[in-house]
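What follows is the content of input-v1.pdb, which has PDB, N, CA and C atoms, pLDDT in the B column:
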ATOM      1  N   MET A 200      -4.441 -13.202 -10.439  1.00 76.00           N
ATOM      2  CA  MET A 200      -3.362 -12.654  -9.637  1.00 76.00           C
ATOM      3  C   MET A 200      -3.288 -13.478  -8.349  1.00 76.00           C
ATOM      4  N   ASN A 201      -2.097 -13.969  -8.046  1.00 82.00           N
ATOM      5  CA  ASN A 201      -1.939 -14.716  -6.804  1.00 82.00           C
ATOM      6  C   ASN A 201      -1.541 -13.776  -5.661  1.00 82.00           C
ATOM      7  N   LEU A 202      -1.464 -14.315  -4.467  1.00 83.00           N
ATOM      8  CA  LEU A 202      -1.197 -13.512  -3.276  1.00 83.00           C
ATOM      9  C   LEU A 202       0.161 -12.819  -3.337  1.00 83.00           C
ATOM     10  N   SER A 203       1.156 -13.496  -3.834  1.00 86.00           N
ATOM     11  CA  SER A 203       2.490 -12.905  -3.952  1.00 86.00           C
ATOM     12  C   SER A 203       2.485 -11.722  -4.918  1.00 86.00           C
ATOM     13  N   GLU A 204       1.788 -11.879  -6.022  1.00 90.00           N
ATOM     14  CA  GLU A 204       1.690 -10.786  -6.993  1.00 90.00           C
ATOM     15  C   GLU A 204       0.916  -9.603  -6.406  1.00 90.00           C
ATOM     16  N   CYS A 205      -0.088  -9.898  -5.626  1.00 90.00           N
ATOM     17  CA  CYS A 205      -0.872  -8.857  -4.966  1.00 90.00           C
ATOM     18  C   CYS A 205       0.004  -8.066  -3.993  1.00 90.00           C
ATOM     19  N   ARG A 206       0.805  -8.765  -3.227  1.00 92.00           N
ATOM     20  CA  ARG A 206       1.725  -8.094  -2.293  1.00 92.00           C
ATOM     21  C   ARG A 206       2.718  -7.222  -3.051  1.00 92.00           C
ATOM     22  N   SER A 207       3.259  -7.747  -4.122  1.00 95.00           N
ATOM     23  CA  SER A 207       4.218  -6.996  -4.934  1.00 95.00           C
ATOM     24  C   SER A 207       3.581  -5.743  -5.514  1.00 95.00           C
ATOM     25  N   GLU A 208       2.374  -5.864  -6.017  1.00 96.00           N
ATOM     26  CA  GLU A 208       1.661  -4.715  -6.568  1.00 96.00           C
ATOM     27  C   GLU A 208       1.389  -3.676  -5.488  1.00 96.00           C
ATOM     28  N   MET A 209       1.046  -4.132  -4.301  1.00 95.00           N
ATOM     29  CA  MET A 209       0.797  -3.220  -3.191  1.00 95.00           C
ATOM     30  C   MET A 209       2.073  -2.462  -2.823  1.00 95.00           C
ATOM     31  N   ARG A 210       3.216  -3.155  -2.792  1.00 96.00           N
ATOM     32  CA  ARG A 210       4.497  -2.488  -2.517  1.00 96.00           C
ATOM     33  C   ARG A 210       4.784  -1.428  -3.568  1.00 96.00           C
ATOM     34  N   SER A 211       4.486  -1.739  -4.824  1.00 97.00           N
ATOM     35  CA  SER A 211       4.704  -0.799  -5.918  1.00 97.00           C
ATOM     36  C   SER A 211       3.820   0.438  -5.758  1.00 97.00           C
ATOM     37  N   ILE A 212       2.575   0.235  -5.419  1.00 97.00           N
ATOM     38  CA  ILE A 212       1.656   1.354  -5.214  1.00 97.00           C
ATOM     39  C   ILE A 212       2.134   2.241  -4.070  1.00 97.00           C
ATOM     40  N   ILE A 213       2.566   1.630  -2.991  1.00 97.00           N
ATOM     41  CA  ILE A 213       3.067   2.392  -1.845  1.00 97.00           C
ATOM     42  C   ILE A 213       4.292   3.206  -2.248  1.00 97.00           C
ATOM     43  N   GLY A 214       5.193   2.595  -2.991  1.00 97.00           N
ATOM     44  CA  GLY A 214       6.379   3.314  -3.451  1.00 97.00           C
ATOM     45  C   GLY A 214       6.028   4.497  -4.332  1.00 97.00           C
ATOM     46  N   GLU A 215       5.071   4.307  -5.214  1.00 98.00           N
ATOM     47  CA  GLU A 215       4.636   5.404  -6.085  1.00 98.00           C
ATOM     48  C   GLU A 215       3.994   6.529  -5.273  1.00 98.00           C
ATOM     49  N   LEU A 216       3.178   6.163  -4.296  1.00 97.00           N
ATOM     50  CA  LEU A 216       2.571   7.188  -3.441  1.00 97.00           C
ATOM     51  C   LEU A 216       3.631   7.970  -2.674  1.00 97.00           C
ATOM     52  N   ARG A 217       4.629   7.282  -2.158  1.00 97.00           N
ATOM     53  CA  ARG A 217       5.712   7.975  -1.427  1.00 97.00           C
ATOM     54  C   ARG A 217       6.489   8.901  -2.361  1.00 97.00           C
ATOM     55  N   ASP A 218       6.725   8.465  -3.604  1.00 97.00           N
ATOM     56  CA  ASP A 218       7.395   9.318  -4.582  1.00 97.00           C
ATOM     57  C   ASP A 218       6.573  10.565  -4.889  1.00 97.00           C
ATOM     58  N   ILE A 219       5.264  10.380  -5.050  1.00 97.00           N
ATOM     59  CA  ILE A 219       4.382  11.516  -5.315  1.00 97.00           C
ATOM     60  C   ILE A 219       4.385  12.472  -4.134  1.00 97.00           C
ATOM     61  N   GLU A 220       4.314  11.919  -2.937  1.00 96.00           N
ATOM     62  CA  GLU A 220       4.340  12.763  -1.734  1.00 96.00           C
ATOM     63  C   GLU A 220       5.610  13.605  -1.691  1.00 96.00           C
ATOM     64  N   TRP A 221       6.738  12.978  -1.924  1.00 95.00           N
ATOM     65  CA  TRP A 221       8.020  13.682  -1.875  1.00 95.00           C
ATOM     66  C   TRP A 221       8.067  14.779  -2.931  1.00 95.00           C
ATOM     67  N   SER A 222       7.581  14.472  -4.133  1.00 95.00           N
ATOM     68  CA  SER A 222       7.576  15.458  -5.214  1.00 95.00           C
ATOM     69  C   SER A 222       6.668  16.639  -4.897  1.00 95.00           C
ATOM     70  N   VAL A 223       5.512  16.366  -4.335  1.00 94.00           N
ATOM     71  CA  VAL A 223       4.585  17.447  -3.976  1.00 94.00           C
ATOM     72  C   VAL A 223       5.234  18.359  -2.946  1.00 94.00           C
ATOM     73  N   ARG A 224       5.835  17.772  -1.942  1.00 92.00           N
ATOM     74  CA  ARG A 224       6.465  18.581  -0.891  1.00 92.00           C
ATOM     75  C   ARG A 224       7.643  19.390  -1.432  1.00 92.00           C
ATOM     76  N   ARG A 225       8.340  18.860  -2.417  1.00 92.00           N
ATOM     77  CA  ARG A 225       9.516  19.522  -2.956  1.00 92.00           C
ATOM     78  C   ARG A 225       9.174  20.549  -4.031  1.00 92.00           C
ATOM     79  N   ASP A 226       8.256  20.199  -4.928  1.00 91.00           N
ATOM     80  CA  ASP A 226       8.061  20.986  -6.144  1.00 91.00           C
ATOM     81  C   ASP A 226       6.895  21.969  -6.120  1.00 91.00           C
ATOM     82  N   PHE A 227       5.986  21.831  -5.193  1.00 88.00           N
ATOM     83  CA  PHE A 227       4.790  22.655  -5.213  1.00 88.00           C
ATOM     84  C   PHE A 227       4.724  23.582  -4.010  1.00 88.00           C
ATOM     85  N   THR A 228       5.747  24.373  -3.825  1.00 83.00           N
ATOM     86  CA  THR A 228       5.807  25.255  -2.665  1.00 83.00           C
ATOM     87  C   THR A 228       4.808  26.401  -2.792  1.00 83.00           C
ATOM     88  N   GLY A 229       4.214  26.738  -1.662  1.00 84.00           N
ATOM     89  CA  GLY A 229       3.327  27.885  -1.602  1.00 84.00           C
ATOM     90  C   GLY A 229       1.888  27.603  -2.007  1.00 84.00           C
ATOM     91  N   ILE A 230       1.554  26.368  -2.297  1.00 80.00           N
ATOM     92  CA  ILE A 230       0.172  26.067  -2.700  1.00 80.00           C
ATOM     93  C   ILE A 230      -0.420  24.947  -1.836  1.00 80.00           C
ATOM     94  N   GLY A 231      -0.062  24.913  -0.585  1.00 89.00           N
ATOM     95  CA  GLY A 231      -0.597  23.896   0.316  1.00 89.00           C
ATOM     96  C   GLY A 231       0.122  22.568   0.217  1.00 89.00           C
ATOM     97  N   GLU A 232       1.400  22.620  -0.139  1.00 92.00           N
ATOM     98  CA  GLU A 232       2.152  21.389  -0.339  1.00 92.00           C
ATOM     99  C   GLU A 232       2.245  20.543   0.925  1.00 92.00           C
ATOM    100  N   GLN A 233       2.288  21.197   2.084  1.00 92.00           N
ATOM    101  CA  GLN A 233       2.376  20.448   3.342  1.00 92.00           C
ATOM    102  C   GLN A 233       1.092  19.656   3.585  1.00 92.00           C
ATOM    103  N   LEU A 234      -0.043  20.310   3.431  1.00 94.00           N
ATOM    104  CA  LEU A 234      -1.327  19.650   3.629  1.00 94.00           C
ATOM    105  C   LEU A 234      -1.537  18.531   2.603  1.00 94.00           C
ATOM    106  N   CYS A 235      -1.214  18.805   1.366  1.00 94.00           N
ATOM    107  CA  CYS A 235      -1.354  17.796   0.312  1.00 94.00           C
ATOM    108  C   CYS A 235      -0.421  16.610   0.577  1.00 94.00           C
ATOM    109  N   GLY A 236       0.820  16.905   0.938  1.00 95.00           N
ATOM    110  CA  GLY A 236       1.777  15.840   1.251  1.00 95.00           C
ATOM    111  C   GLY A 236       1.318  14.999   2.425  1.00 95.00           C
ATOM    112  N   ASP A 237       0.749  15.658   3.436  1.00 96.00           N
ATOM    113  CA  ASP A 237       0.239  14.930   4.600  1.00 96.00           C
ATOM    114  C   ASP A 237      -0.906  13.991   4.208  1.00 96.00           C
ATOM    115  N   CYS A 238      -1.790  14.457   3.323  1.00 96.00           N
ATOM    116  CA  CYS A 238      -2.910  13.621   2.865  1.00 96.00           C
ATOM    117  C   CYS A 238      -2.403  12.396   2.109  1.00 96.00           C
ATOM    118  N   ILE A 239      -1.437  12.595   1.243  1.00 96.00           N
ATOM    119  CA  ILE A 239      -0.863  11.470   0.490  1.00 96.00           C
ATOM    120  C   ILE A 239      -0.182  10.497   1.449  1.00 96.00           C
ATOM    121  N   ASP A 240       0.490  11.039   2.446  1.00 97.00           N
ATOM    122  CA  ASP A 240       1.160  10.214   3.449  1.00 97.00           C
ATOM    123  C   ASP A 240       0.148   9.341   4.202  1.00 97.00           C
ATOM    124  N   LYS A 241      -0.993   9.905   4.569  1.00 97.00           N
ATOM    125  CA  LYS A 241      -2.024   9.133   5.269  1.00 97.00           C
ATOM    126  C   LYS A 241      -2.546   7.997   4.405  1.00 97.00           C
ATOM    127  N   ILE A 242      -2.731   8.261   3.125  1.00 97.00           N
ATOM    128  CA  ILE A 242      -3.192   7.218   2.208  1.00 97.00           C
ATOM    129  C   ILE A 242      -2.143   6.114   2.098  1.00 97.00           C
ATOM    130  N   ALA A 243      -0.874   6.504   1.943  1.00 97.00           N
ATOM    131  CA  ALA A 243       0.203   5.516   1.857  1.00 97.00           C
ATOM    132  C   ALA A 243       0.280   4.686   3.130  1.00 97.00           C
ATOM    133  N   ASP A 244       0.063   5.324   4.289  1.00 97.00           N
ATOM    134  CA  ASP A 244       0.064   4.587   5.561  1.00 97.00           C
ATOM    135  C   ASP A 244      -1.048   3.536   5.592  1.00 97.00           C
ATOM    136  N   LYS A 245      -2.206   3.879   5.051  1.00 97.00           N
ATOM    137  CA  LYS A 245      -3.304   2.903   5.001  1.00 97.00           C
ATOM    138  C   LYS A 245      -2.928   1.723   4.111  1.00 97.00           C
ATOM    139  N   TYR A 246      -2.290   2.002   2.991  1.00 97.00           N
ATOM    140  CA  TYR A 246      -1.843   0.921   2.117  1.00 97.00           C
ATOM    141  C   TYR A 246      -0.774   0.080   2.814  1.00 97.00           C
ATOM    142  N   ASP A 247       0.081   0.714   3.616  1.00 97.00           N
ATOM    143  CA  ASP A 247       1.069  -0.038   4.406  1.00 97.00           C
ATOM    144  C   ASP A 247       0.368  -1.013   5.350  1.00 97.00           C
ATOM    145  N   GLY A 248      -0.735  -0.566   5.950  1.00 96.00           N
ATOM    146  CA  GLY A 248      -1.509  -1.440   6.836  1.00 96.00           C
ATOM    147  C   GLY A 248      -2.103  -2.623   6.089  1.00 96.00           C
ATOM    148  N   VAL A 249      -2.604  -2.370   4.890  1.00 95.00           N
ATOM    149  CA  VAL A 249      -3.151  -3.454   4.070  1.00 95.00           C
ATOM    150  C   VAL A 249      -2.046  -4.439   3.710  1.00 95.00           C
ATOM    151  N   LEU A 250      -0.885  -3.922   3.333  1.00 95.00           N
ATOM    152  CA  LEU A 250       0.239  -4.795   2.994  1.00 95.00           C
ATOM    153  C   LEU A 250       0.652  -5.634   4.201  1.00 95.00           C
ATOM    154  N   ALA A 251       0.648  -5.041   5.382  1.00 95.00           N
ATOM    155  CA  ALA A 251       1.002  -5.794   6.591  1.00 95.00           C
ATOM    156  C   ALA A 251       0.015  -6.937   6.806  1.00 95.00           C
ATOM    157  N   ARG A 252      -1.262  -6.668   6.580  1.00 93.00           N
ATOM    158  CA  ARG A 252      -2.265  -7.735   6.719  1.00 93.00           C
ATOM    159  C   ARG A 252      -2.059  -8.813   5.665  1.00 93.00           C
ATOM    160  N   LEU A 253      -1.793  -8.399   4.433  1.00 89.00           N
ATOM    161  CA  LEU A 253      -1.550  -9.377   3.371  1.00 89.00           C
ATOM    162  C   LEU A 253      -0.331 -10.231   3.677  1.00 89.00           C
ATOM    163  N   SER A 254       0.669  -9.623   4.290  1.00 90.00           N
ATOM    164  CA  SER A 254       1.895 -10.355   4.603  1.00 90.00           C
ATOM    165  C   SER A 254       1.668 -11.417   5.675  1.00 90.00           C
ATOM    166  N   ARG A 255       0.623 -11.249   6.478  1.00 89.00           N
ATOM    167  CA  ARG A 255       0.313 -12.222   7.521  1.00 89.00           C
ATOM    168  C   ARG A 255      -0.565 -13.368   7.029  1.00 89.00           C
ATOM    169  N   VAL A 256      -1.061 -13.247   5.809  1.00 83.00           N
ATOM    170  CA  VAL A 256      -1.940 -14.290   5.278  1.00 83.00           C
ATOM    171  C   VAL A 256      -1.120 -15.531   4.953  1.00 83.00           C
ATOM    172  N   ASN A 257      -1.556 -16.668   5.466  1.00 79.00           N
ATOM    173  CA  ASN A 257      -0.919 -17.936   5.166  1.00 79.00           C
ATOM    174  C   ASN A 257      -1.611 -18.494   3.919  1.00 79.00           C
ATOM    175  N   SER A 258      -0.903 -18.494   2.806  1.00 75.00           N
ATOM    176  CA  SER A 258      -1.518 -18.898   1.538  1.00 75.00           C
ATOM    177  C   SER A 258      -1.972 -20.354   1.555  1.00 75.00           C
ATOM    178  N   ASN A 259      -1.302 -21.208   2.308  1.00 74.00           N
ATOM    179  CA  ASN A 259      -1.715 -22.609   2.402  1.00 74.00           C
ATOM    180  C   ASN A 259      -3.064 -22.731   3.111  1.00 74.00           C
ATOM    181  N   ARG A 260      -3.220 -22.007   4.200  1.00 74.00           N
ATOM    182  CA  ARG A 260      -4.493 -22.041   4.922  1.00 74.00           C
ATOM    183  C   ARG A 260      -5.604 -21.414   4.097  1.00 74.00           C
ATOM    184  N   LEU A 261      -5.259 -20.358   3.353  1.00 69.00           N
ATOM    185  CA  LEU A 261      -6.239 -19.705   2.496  1.00 69.00           C
ATOM    186  C   LEU A 261      -6.720 -20.667   1.410  1.00 69.00           C
ATOM    187  N   ALA A 262      -5.798 -21.389   0.809  1.00 67.00           N
ATOM    188  CA  ALA A 262      -6.160 -22.344  -0.226  1.00 67.00           C
ATOM    189  C   ALA A 262      -7.060 -23.438   0.348  1.00 67.00           C
ATOM    190  N   ASP A 263      -6.728 -23.927   1.543  1.00 71.00           N
ATOM    191  CA  ASP A 263      -7.566 -24.935   2.202  1.00 71.00           C
ATOM    192  C   ASP A 263      -8.970 -24.383   2.472  1.00 71.00           C
ATOM    193  N   TRP A 264      -9.048 -23.142   2.917  1.00 73.00           N
ATOM    194  CA  TRP A 264     -10.334 -22.537   3.214  1.00 73.00           C
ATOM    195  C   TRP A 264     -11.170 -22.404   1.942  1.00 73.00           C
ATOM    196  N   ILE A 265     -10.531 -21.966   0.857  1.00 73.00           N
ATOM    197  CA  ILE A 265     -11.240 -21.814  -0.413  1.00 73.00           C
ATOM    198  C   ILE A 265     -11.760 -23.163  -0.903  1.00 73.00           C
ATOM    199  N   MET A 266     -10.969 -24.185  -0.711  1.00 75.00           N
ATOM    200  CA  MET A 266     -11.364 -25.520  -1.164  1.00 75.00           C
ATOM    201  C   MET A 266     -12.315 -26.207  -0.174  1.00 75.00           C
ATOM    202  N   GLY A 267     -12.606 -25.552   0.948  1.00 73.00           N
ATOM    203  CA  GLY A 267     -13.553 -26.118   1.914  1.00 73.00           C
ATOM    204  C   GLY A 267     -12.959 -27.175   2.810  1.00 73.00           C
ATOM    205  N   LYS A 268     -11.638 -27.107   3.024  1.00 64.00           N
ATOM    206  CA  LYS A 268     -10.965 -28.108   3.847  1.00 64.00           C
ATOM    207  C   LYS A 268     -10.581 -27.569   5.212  1.00 64.00           C
ATOM    208  N   ASN A 269     -11.192 -26.478   5.642  1.00 56.00           N
ATOM    209  CA  ASN A 269     -10.795 -25.861   6.902  1.00 56.00           C
ATOM    210  C   ASN A 269     -11.017 -26.834   7.998  1.00 56.00           C
TER     211      ASN A 269
END

Could you quickly redo this structure as structure tokens?
Amino acid sequence: MNLSECRSEMRSIIGELRDIEWSVRRDFTGIGEQLCGDCIDKIADKYDGVLARLSRVNSNRLADWIMGKN
């Protein structure tokens, strides 16, 4: 998996988490849906942070570092 594919997969995971959060808040009323939705939201936010870090990675510099050309 290359860096671009990793970023794409991360975006997909975040989207799925947001969909799950929305469904929990909408469909599971009266069983702690707010607390559960908040927990899912916090997890999705952490994945957003990881994606932001991945987006800042310069793949050319990373390749040079891996090859020992830093």

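Across the structure, CA of Asp240 in chain A and atom N of Val223 in chain A are spaced 10.8 Å apart.
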
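Once the PyMOL selection byres (((chain A and resi 219 and name CA) around 12) and name CA) is applied to the shown structure, the selection contains A:Ile212, A:Ile213, A:Gly214, A:Glu215, A:Leu216, A:Arg217, A:Asp218, A:Glu220, A:Trp221, A:Ser222, A:Val223, A:Arg224, A:Arg225, A:Asp226, A:Phe227, A:Glu232, A:Cys235, A:Gly236, A:Asp237, A:Cys238, A:Ile239, A:Asp240, A:Ile242, A:Ala243.
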
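Pairwise distance (CA of Lys241 in chain A, CA of Asn257 in chain A) equals 27.1 Å.
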
Report the distance between atom N of Gly267 in chain A and atom C of Glu204 in chain A in Å, rounded to one decimal place. 22.2 Å

Given only C-alpha atoms as the basis, pick out the residue of A:Met209, A:Leu234, A:Met266, A:Met200 nearest to Gly248 in chain A. A:Met209

For each of A:Thr228, A:Leu250, A:Arg260, A:Gln233, take the minimum atom-to-atom distance to Cys205 in chain A, counting only N, CA and C atoms, then give the residue where this is smallest. A:Leu250

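Considering the residues A:Trp264, A:Asn259, A:Asp247, A:Arg252 and counting only C-alpha atoms, Ser211 in chain A has its shortest atom-to-atom contact with A:Asp247.
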
Taking only N, CA and C atoms into account, name the residue in A:Gly231, A:Lys245, A:Leu202, A:Arg210 that is nearest to Ser258 in chain A. A:Leu202
